[in-house]
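Colleague: Here it is, the structure in full.
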Amino acid sequence: MKAYDLRKKYLAFFQSKGHSVIKSASLIPDNDPTVLFTTAGMHPLVPYLLGGKHPQGKRLTDVQKCIRTGDIDEVGDPVHLTFFEMLGNWSLGDYFKQEAIEFSFEFLTSKECLGIPVEMLAVTVFAGDENAPFDEEAFNKWRSLGIPEKRIAKCPKEDNWWGPAGQTGPCGPDTEMFYWTGPLPAPEAFDPKNKLWVEIWNDVFMQYNKTADGRFEPLAQKNVDTGMGVERVTAILQGKKSCYDTELFAPLFAELDQLRGVTHADGEERSRSERIVVEHARAATFIMADGITPGKVDQAYVLRRLVRRMIREARKIGVNGLFTAKLAEVVIREYKEFYPELEANSRQILEEFTREEEQFQQALEKGTAEFEKLIARVPAHIQNKVVSGKNAFYLYETFGFPIELTVEMAQEKGFKVDLKGYEEAYAKHQELSRKGAEQKFKGGLADHSEESAKLHTATHLLHAALRKVLGDHVAQKGSNINAERLRFDFSHPDRMTPEQLAEVEKLVNAAIASKTPVTCEEMGVEEARAQGAIGLFGDKYGEKVRVYTMGPYSKEICGGPHASNTGDLVSFKILKEESSSRGIRRIKAVIGK
């Protein structure tokens, strides 16, 4: 089965079960301060999993585009990806375990859907511990559907439990479905540690709330959250060893072969460099389609890292000249039906790839000059000339020099490179990055406290004020909220003047001082636009949307959370205005306590 058919069948199946098909949300999260990117299908649904009413009902399904950067350095092996698509279906306080498991089983086994023989399947359920009991309901349901008891593994919390995202909040057991990929018939008994059993689907049952004192209390609204990866399932259904062997990457590899002037033999495994180039090309194209341009911080930095790593690896395999836009064109062509934002933003995407490629070439030239300076400091009479690990890492971090390039240049000059020192510096950097990432990517059901609701409300007022002062070209390009401040990214080409900042601050404070109620209405997208509402990511909404209005000050399509009155914000002060990336400015601000 092709990925195209998998997407279509999945959405059609859950639509037949009363689910509303919702569009993929942007890769840039709205209302979730814990993540740089949308990392799972549930992130855009956080307010509704917490009890908010979704405009399209209690049963939802979609294909959500996702980015996960935790394993970015692992990309190049046969399995890791930064960009992937996640099939999902949700119950927001509607059906629970019985129906969710029935739906999963039917989609996996029915001839109209995937048609997988039952003897090729196995499942895991939560074994229970001192906090929560064995998930007997899930266990018995799978048995009633024909999964033998020997094929149902009872696993501990580290394997079959989701959440909470932080120290407290919604959480619960899950049940995972596995497919046998071995050459021989599947063994009678299921061993989850046997790597030939590959997980293909996960149903999460959010039924508890973990309290601050460590108790697990039943939730008033019990939810179902599921996830099935398009790339992984496509490869499994086609009997492929890797998703890189499927039609999802074949057009990109074909274009790469043409750029290199080589012919690839059928069945020949792709190299690490080839996989990095096509994977990063796909991921970077999707990130750019959601309005991010390469830069020095947050999403913009991740994007730059992907593009530059892609260029470095392409040079290793003989690709010369500008090429990145050609690969982006392939991504746009292959995915534009499901993700129309790719074609809508194609011109900007192609221009950004070419601009970044040209800038990186300049960085390489500057790095080469810096390398020459470093080795010139070493006295000529020294026998064993060495480029220190610290300097090798400096060239990598500052100019994007891969260690292989530094070694090659060093050899030409009669130098060696302290590779051990480089690895130590790199490992230290990775550890610092990982600690930082844990703060941003701990994600899921984020902090939706009263304070964060106020700060989110302030972003609406800020957005409206910026459009009034700077013009209608201003559009939100991202936001981040923590307990102390808000951060708001918006499209604008120039640094704001002190007078403009003062005027924006004045407008927001006037809205706060008016003590205007914050109201919410559900309506169709076109009706919302006719009323002058602005949508942060217009193509992600379904037929019905929620519009939050703050008197004459702000009207936006949004999912919440919000304060009940502008006066709750007390006051507003801009701390800093700076560049986020090309054409994107950033404001950091606080509200009164």
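All residue names refer to the structure tokens as shown: chains lettered A, B, ... in order, residues numbered from 1 in each chain, ligands numbered from 1 in order.
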For the helix (DSSP H, G or I) assignment from backbone DSSP, which residues of region 396-590 of chain A qualify? Please present them as a PyMOL selection string.
Modeller: chain A and resi 396-399+403-412+419-440+450-470+498-513+525-530+538-540+566-569
Colleague: Skipping near chain neighbours, those fewer than 6 positions away, what residues fall within 10 Å of His80 (chain A) using only C-alpha atoms, listed as a compact mmCIF listing (two decimals) with N, CA, C and O atoms, in the first residue's frame?
Modeller:
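Writing done, so here's selection_6.txt:
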```txt
# COMPACT_ATOMS: atom_id res chain seq x y z
N ARG A 68 10.56 16.42 14.96
CA ARG A 68 11.25 16.10 16.21
C ARG A 68 12.75 16.18 15.95
O ARG A 68 13.26 15.52 15.05
N ASP A 71 16.73 13.61 17.76
CA ASP A 71 17.63 12.63 17.16
C ASP A 71 18.23 13.12 15.86
O ASP A 71 18.57 12.33 14.98
N ILE A 72 18.37 14.44 15.72
CA ILE A 72 18.82 15.00 14.44
C ILE A 72 20.16 14.43 14.00
O ILE A 72 20.39 14.19 12.82
N ASP A 73 21.06 14.15 14.96
CA ASP A 73 22.37 13.61 14.61
C ASP A 73 22.31 12.14 14.22
O ASP A 73 23.29 11.61 13.68
N GLU A 74 21.19 11.50 14.52
CA GLU A 74 21.03 10.09 14.14
C GLU A 74 20.49 9.94 12.73
O GLU A 74 20.55 8.84 12.15
N SER A 242 13.26 -0.14 5.31
CA SER A 242 13.35 1.24 5.77
C SER A 242 12.35 2.10 5.01
O SER A 242 12.01 1.82 3.86
N CYS A 243 11.90 3.18 5.67
CA CYS A 243 11.00 4.11 4.97
C CYS A 243 11.72 4.81 3.83
O CYS A 243 11.08 5.32 2.90
N TYR A 244 13.05 4.84 3.88
CA TYR A 244 13.82 5.43 2.78
C TYR A 244 13.72 4.59 1.50
O TYR A 244 14.08 5.07 0.42
N ARG A 275 20.83 9.77 2.47
CA ARG A 275 19.63 9.80 3.31
C ARG A 275 19.51 11.14 4.05
O ARG A 275 18.41 11.70 4.17
N ILE A 276 20.63 11.67 4.53
CA ILE A 276 20.60 12.95 5.23
C ILE A 276 20.12 14.05 4.27
O ILE A 276 19.27 14.88 4.64
N GLU A 279 16.26 13.61 3.51
CA GLU A 279 15.44 13.79 4.70
C GLU A 279 15.41 15.25 5.12
O GLU A 279 14.35 15.82 5.41
```
Colleague: Need the shell around Phe488 (chain A): protein/DNA/RNA residues with any atom at most 8 Å away, counting only C-alpha atoms. Skip same-chain ones fewer than 5 positions apart. Format as a VMD selection string?
Modeller: chain A and resid 459 476 to 480 586 to 588
Colleague: Put those residues in a file: N, CA and C atoms, as a PDB file, in the first residue's frame.
Modeller:
```pdb
ATOM      1  N   THR A 459      -0.931  38.388  23.937  1.00  0.00           N
ATOM      2  CA  THR A 459      -0.396  38.255  22.572  1.00  0.00           C
ATOM      3  C   THR A 459      -1.441  38.684  21.543  1.00  0.00           C
ATOM      4  N   GLN A 476       1.368  36.856  12.872  1.00  0.00           N
ATOM      5  CA  GLN A 476       2.074  36.066  13.888  1.00  0.00           C
ATOM      6  C   GLN A 476       2.863  34.953  13.231  1.00  0.00           C
ATOM      7  N   LYS A 477       4.108  34.771  13.652  1.00  0.00           N
ATOM      8  CA  LYS A 477       4.965  33.713  13.133  1.00  0.00           C
ATOM      9  C   LYS A 477       5.425  32.758  14.231  1.00  0.00           C
ATOM     10  N   GLY A 478       4.856  32.917  15.411  1.00  0.00           N
ATOM     11  CA  GLY A 478       5.216  32.022  16.510  1.00  0.00           C
ATOM     12  C   GLY A 478       5.093  32.742  17.830  1.00  0.00           C
ATOM     13  N   SER A 479       4.900  31.966  18.892  1.00  0.00           N
ATOM     14  CA  SER A 479       4.863  32.565  20.220  1.00  0.00           C
ATOM     15  C   SER A 479       5.354  31.558  21.242  1.00  0.00           C
ATOM     16  N   ASN A 480       5.835  32.075  22.360  1.00  0.00           N
ATOM     17  CA  ASN A 480       6.302  31.225  23.443  1.00  0.00           C
ATOM     18  C   ASN A 480       5.957  31.921  24.741  1.00  0.00           C
ATOM     19  N   ARG A 586      10.974  39.923  16.749  1.00  0.00           N
ATOM     20  CA  ARG A 586      10.563  39.263  17.989  1.00  0.00           C
ATOM     21  C   ARG A 586      10.424  40.296  19.100  1.00  0.00           C
ATOM     22  N   ILE A 587       9.314  40.192  19.838  1.00  0.00           N
ATOM     23  CA  ILE A 587       9.097  41.047  21.006  1.00  0.00           C
ATOM     24  C   ILE A 587       8.973  40.168  22.245  1.00  0.00           C
ATOM     25  N   LYS A 588       9.661  40.586  23.310  1.00  0.00           N
ATOM     26  CA  LYS A 588       9.493  39.954  24.618  1.00  0.00           C
ATOM     27  C   LYS A 588       8.834  40.979  25.526  1.00  0.00           C
TER      28      LYS A 588
END
```
Colleague: Find the residue from A:Ala325, A:Ile22, A:Ile403, A:Val319 that sits nearest to Ser273 (chain A); use only C-alpha atoms when measuring.
Modeller: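 Smallest distance to Ser273 (chain A) is found for A:Val319.
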Colleague: What gap, in Å, lies between CA of Pro187 (chain A) and CA of Lys141 (chain A)?
Modeller: 21.7 Å
Colleague: Quick one: residues within 10 Å of Glu357 (chain A), only C-alpha atoms counted, chain neighbours fewer than 5 positions away excluded, as number ranges by chain?
Modeller: A: 304, 307-308, 310-311, 321-325, 351-352, 362-363
Colleague: Emit the selected residues as a PDB file, in the first residue's frame, including N, CA and C atoms.
Modeller:
```pdb
ATOM      1  N   ARG A 304      18.183  26.353   9.868  1.00  0.00           N
ATOM      2  CA  ARG A 304      19.528  26.606   9.296  1.00  0.00           C
ATOM      3  C   ARG A 304      20.418  25.388   9.452  1.00  0.00           C
ATOM      4  N   VAL A 307      19.451  22.773   6.792  1.00  0.00           N
ATOM      5  CA  VAL A 307      19.860  23.137   5.432  1.00  0.00           C
ATOM      6  C   VAL A 307      21.370  23.014   5.271  1.00  0.00           C
ATOM      7  N   ARG A 308      22.128  23.490   6.241  1.00  0.00           N
ATOM      8  CA  ARG A 308      23.580  23.461   6.108  1.00  0.00           C
ATOM      9  C   ARG A 308      24.142  22.056   6.218  1.00  0.00           C
ATOM     10  N   MET A 310      22.532  19.448   5.231  1.00  0.00           N
ATOM     11  CA  MET A 310      22.149  18.897   3.934  1.00  0.00           C
ATOM     12  C   MET A 310      23.175  19.276   2.857  1.00  0.00           C
ATOM     13  N   ILE A 311      23.622  20.536   2.856  1.00  0.00           N
ATOM     14  CA  ILE A 311      24.597  21.009   1.866  1.00  0.00           C
ATOM     15  C   ILE A 311      25.943  20.317   2.071  1.00  0.00           C
ATOM     16  N   GLY A 321      27.556  23.199  -7.041  1.00  0.00           N
ATOM     17  CA  GLY A 321      26.653  24.260  -7.464  1.00  0.00           C
ATOM     18  C   GLY A 321      25.404  24.310  -6.617  1.00  0.00           C
ATOM     19  N   LEU A 322      24.525  25.263  -6.908  1.00  0.00           N
ATOM     20  CA  LEU A 322      23.276  25.418  -6.166  1.00  0.00           C
ATOM     21  C   LEU A 322      22.321  24.276  -6.516  1.00  0.00           C
ATOM     22  N   PHE A 323      21.778  23.633  -5.496  1.00  0.00           N
ATOM     23  CA  PHE A 323      20.943  22.465  -5.748  1.00  0.00           C
ATOM     24  C   PHE A 323      19.730  22.352  -4.832  1.00  0.00           C
ATOM     25  N   THR A 324      19.735  23.019  -3.685  1.00  0.00           N
ATOM     26  CA  THR A 324      18.714  22.769  -2.664  1.00  0.00           C
ATOM     27  C   THR A 324      17.309  23.087  -3.158  1.00  0.00           C
ATOM     28  N   ALA A 325      17.161  24.158  -3.950  1.00  0.00           N
ATOM     29  CA  ALA A 325      15.832  24.530  -4.443  1.00  0.00           C
ATOM     30  C   ALA A 325      15.255  23.451  -5.351  1.00  0.00           C
ATOM     31  N   GLU A 351      13.350  30.634  -2.871  1.00  0.00           N
ATOM     32  CA  GLU A 351      14.262  31.770  -2.691  1.00  0.00           C
ATOM     33  C   GLU A 351      15.085  31.618  -1.417  1.00  0.00           C
ATOM     34  N   GLU A 352      14.451  31.152  -0.339  1.00  0.00           N
ATOM     35  CA  GLU A 352      15.154  31.002   0.934  1.00  0.00           C
ATOM     36  C   GLU A 352      16.221  29.914   0.862  1.00  0.00           C
ATOM     37  N   GLN A 362      29.590  31.503   1.689  1.00  0.00           N
ATOM     38  CA  GLN A 362      30.385  32.601   2.235  1.00  0.00           C
ATOM     39  C   GLN A 362      30.952  32.227   3.606  1.00  0.00           C
ATOM     40  N   ALA A 363      30.124  31.514   4.421  1.00  0.00           N
ATOM     41  CA  ALA A 363      30.586  31.079   5.742  1.00  0.00           C
ATOM     42  C   ALA A 363      31.756  30.110   5.615  1.00  0.00           C
TER      43      ALA A 363
END
```
Colleague: Enter the distance from CA of Ala464 (chain A) to CA of Gly524 (chain A), in Å, rounded to one decimal.
Modeller: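 Those two atoms sit 21.4 Å apart.
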Colleague: Mind checking which residues fall within 12 Å of Arg377 (chain A), counting only C-alpha atoms, ignoring those fewer than 6 positions away in the same chain, and posting them as a VMD selection string?
Modeller: chain A and resid 370 to 371 385 to 387
Colleague: Take the residues from that selection and put them in a file with N, CA and C atoms, as a compact mmCIF listing (two decimals), in the first residue's frame.
Modeller:
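Writing done, so here's part.txt:
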```
# COMPACT_ATOMS: atom_id res chain seq x y z
N GLU A 370 39.71 31.58 8.66
CA GLU A 370 39.96 31.42 10.09
C GLU A 370 40.87 30.22 10.35
N PHE A 371 40.68 29.15 9.59
CA PHE A 371 41.53 27.96 9.71
C PHE A 371 42.98 28.32 9.41
N LYS A 385 52.49 18.83 14.49
CA LYS A 385 51.56 19.96 14.47
C LYS A 385 50.13 19.45 14.62
N VAL A 386 49.39 20.07 15.55
CA VAL A 386 48.04 19.59 15.88
C VAL A 386 47.04 20.75 15.92
N VAL A 387 45.88 20.54 15.31
CA VAL A 387 44.74 21.45 15.48
C VAL A 387 43.99 20.96 16.72
```
Colleague: Quick one: residues within 8 Å of region 202-213 of chain A, only C-alpha atoms, excluding same-chain residues fewer than 6 positions away - as a ChimeraX atom specification?
Modeller: /A:96-97,100-101,161-162,164,167-177,219,221-228
Colleague: May I have the residues from that selection written out with N, CA and C atoms, as a PDB file, in the first residue's frame?
Modeller:
```pdb
ATOM      1  N   PHE A  96     -14.359   5.463  24.749  1.00  0.00           N
ATOM      2  CA  PHE A  96     -13.119   5.203  25.496  1.00  0.00           C
ATOM      3  C   PHE A  96     -12.496   3.885  25.034  1.00  0.00           C
ATOM      4  N   LYS A  97     -12.037   3.046  25.933  1.00  0.00           N
ATOM      5  CA  LYS A  97     -11.192   1.909  25.560  1.00  0.00           C
ATOM      6  C   LYS A  97     -11.865   0.918  24.621  1.00  0.00           C
ATOM      7  N   ALA A 100     -12.213   2.442  21.095  1.00  0.00           N
ATOM      8  CA  ALA A 100     -10.905   2.776  20.531  1.00  0.00           C
ATOM      9  C   ALA A 100     -10.177   1.519  20.059  1.00  0.00           C
ATOM     10  N   ILE A 101     -10.199   0.481  20.866  1.00  0.00           N
ATOM     11  CA  ILE A 101      -9.533  -0.772  20.496  1.00  0.00           C
ATOM     12  C   ILE A 101     -10.260  -1.445  19.337  1.00  0.00           C
ATOM     13  N   TRP A 161       2.697   3.591  29.361  1.00  0.00           N
ATOM     14  CA  TRP A 161       2.060   4.667  30.119  1.00  0.00           C
ATOM     15  C   TRP A 161       2.449   5.977  29.474  1.00  0.00           C
ATOM     16  N   TRP A 162       1.466   6.880  29.349  1.00  0.00           N
ATOM     17  CA  TRP A 162       1.765   8.202  28.800  1.00  0.00           C
ATOM     18  C   TRP A 162       1.550   9.266  29.867  1.00  0.00           C
ATOM     19  N   PRO A 164       2.347  12.252  33.059  1.00  0.00           N
ATOM     20  CA  PRO A 164       1.966  13.571  32.548  1.00  0.00           C
ATOM     21  C   PRO A 164       3.134  14.279  31.873  1.00  0.00           C
ATOM     22  N   GLN A 167       5.233  17.575  35.949  1.00  0.00           N
ATOM     23  CA  GLN A 167       5.157  16.862  37.221  1.00  0.00           C
ATOM     24  C   GLN A 167       3.723  16.461  37.557  1.00  0.00           C
ATOM     25  N   THR A 168       2.772  17.219  37.036  1.00  0.00           N
ATOM     26  CA  THR A 168       1.357  16.936  37.297  1.00  0.00           C
ATOM     27  C   THR A 168       0.578  17.004  36.000  1.00  0.00           C
ATOM     28  N   GLY A 169      -0.678  16.528  36.043  1.00  0.00           N
ATOM     29  CA  GLY A 169      -1.553  16.663  34.880  1.00  0.00           C
ATOM     30  C   GLY A 169      -2.088  15.343  34.367  1.00  0.00           C
ATOM     31  N   PRO A 170      -2.820  15.392  33.223  1.00  0.00           N
ATOM     32  CA  PRO A 170      -3.443  14.197  32.652  1.00  0.00           C
ATOM     33  C   PRO A 170      -2.420  13.145  32.255  1.00  0.00           C
ATOM     34  N   CYS A 171      -2.786  11.882  32.437  1.00  0.00           N
ATOM     35  CA  CYS A 171      -1.907  10.771  32.082  1.00  0.00           C
ATOM     36  C   CYS A 171      -2.746   9.501  32.043  1.00  0.00           C
ATOM     37  N   GLY A 172      -2.130   8.412  31.668  1.00  0.00           N
ATOM     38  CA  GLY A 172      -2.872   7.161  31.664  1.00  0.00           C
ATOM     39  C   GLY A 172      -2.163   6.049  30.916  1.00  0.00           C
ATOM     40  N   PRO A 173      -2.712   4.837  30.977  1.00  0.00           N
ATOM     41  CA  PRO A 173      -2.109   3.690  30.301  1.00  0.00           C
ATOM     42  C   PRO A 173      -2.298   3.776  28.796  1.00  0.00           C
ATOM     43  N   ASP A 174      -1.476   3.029  28.072  1.00  0.00           N
ATOM     44  CA  ASP A 174      -1.699   2.922  26.636  1.00  0.00           C
ATOM     45  C   ASP A 174      -1.625   1.455  26.228  1.00  0.00           C
ATOM     46  N   THR A 175      -2.052   1.198  25.010  1.00  0.00           N
ATOM     47  CA  THR A 175      -1.931  -0.133  24.435  1.00  0.00           C
ATOM     48  C   THR A 175      -1.292   0.029  23.067  1.00  0.00           C
ATOM     49  N   GLU A 176      -0.251  -0.749  22.817  1.00  0.00           N
ATOM     50  CA  GLU A 176       0.510  -0.617  21.575  1.00  0.00           C
ATOM     51  C   GLU A 176       0.332  -1.854  20.717  1.00  0.00           C
ATOM     52  N   MET A 177       0.257  -1.644  19.403  1.00  0.00           N
ATOM     53  CA  MET A 177       0.070  -2.722  18.440  1.00  0.00           C
ATOM     54  C   MET A 177       1.354  -2.980  17.664  1.00  0.00           C
ATOM     55  N   LEU A 219      -9.885  11.194  35.949  1.00  0.00           N
ATOM     56  CA  LEU A 219     -10.240  12.448  35.276  1.00  0.00           C
ATOM     57  C   LEU A 219     -11.745  12.541  35.054  1.00  0.00           C
ATOM     58  N   GLN A 221     -13.043  14.221  32.475  1.00  0.00           N
ATOM     59  CA  GLN A 221     -13.152  13.966  31.036  1.00  0.00           C
ATOM     60  C   GLN A 221     -12.057  13.004  30.627  1.00  0.00           C
ATOM     61  N   LYS A 222     -12.453  11.791  30.245  1.00  0.00           N
ATOM     62  CA  LYS A 222     -11.485  10.790  29.796  1.00  0.00           C
ATOM     63  C   LYS A 222     -11.348  10.894  28.274  1.00  0.00           C
ATOM     64  N   ASN A 223     -10.092  10.937  27.798  1.00  0.00           N
ATOM     65  CA  ASN A 223      -9.826  11.114  26.373  1.00  0.00           C
ATOM     66  C   ASN A 223      -9.076   9.924  25.797  1.00  0.00           C
ATOM     67  N   VAL A 224      -9.199   9.778  24.487  1.00  0.00           N
ATOM     68  CA  VAL A 224      -8.392   8.816  23.732  1.00  0.00           C
ATOM     69  C   VAL A 224      -7.542   9.604  22.752  1.00  0.00           C
ATOM     70  N   ASP A 225      -6.243   9.282  22.713  1.00  0.00           N
ATOM     71  CA  ASP A 225      -5.302   9.938  21.803  1.00  0.00           C
ATOM     72  C   ASP A 225      -4.491   8.844  21.125  1.00  0.00           C
ATOM     73  N   THR A 226      -4.532   8.768  19.806  1.00  0.00           N
ATOM     74  CA  THR A 226      -3.813   7.692  19.120  1.00  0.00           C
ATOM     75  C   THR A 226      -2.807   8.243  18.131  1.00  0.00           C
ATOM     76  N   GLY A 227      -1.847   7.408  17.752  1.00  0.00           N
ATOM     77  CA  GLY A 227      -0.850   7.831  16.781  1.00  0.00           C
ATOM     78  C   GLY A 227      -0.310   6.678  15.969  1.00  0.00           C
ATOM     79  N   MET A 228      -0.251   6.873  14.635  1.00  0.00           N
ATOM     80  CA  MET A 228       0.310   5.884  13.716  1.00  0.00           C
ATOM     81  C   MET A 228       1.175   6.630  12.697  1.00  0.00           C
TER      82      MET A 228
END
```
Colleague: Excluding Gly295 (chain A) and any residue of its chain fewer than 3 positions from it, enumerate the residues within 6 Å of it, using only C-alpha atoms, and give them as a PyMOL selection string.
Modeller: chain A and resi 300-301+581
Colleague: Keeping only N, CA, C and O atoms, write those residues as a CSV table (one decimal), in the first residue's frame.
Modeller:
```
chain,number,residue,atom,x,y,z
A,300,ALA,N,14.2,28.9,13.7
A,300,ALA,CA,15.1,29.4,12.6
A,300,ALA,C,16.5,28.8,12.6
A,300,ALA,O,17.1,28.5,11.6
A,301,TYR,N,17.0,28.6,13.9
A,301,TYR,CA,18.3,27.9,14.0
A,301,TYR,C,18.2,26.5,13.6
A,301,TYR,O,19.1,26.0,12.9
A,581,SER,N,14.7,36.0,12.7
A,581,SER,CA,15.3,35.5,11.5
A,581,SER,C,14.9,36.5,10.4
A,581,SER,O,14.3,37.5,10.6
```
Colleague: Please compute the CA of Ala513 (chain A)-CA of Leu569 (chain A) distance, one decimal, in Å.
Modeller: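 Taking CA of Ala513 (chain A) as the start and CA of Leu569 (chain A) as the end point, the length is 9.1 Å.
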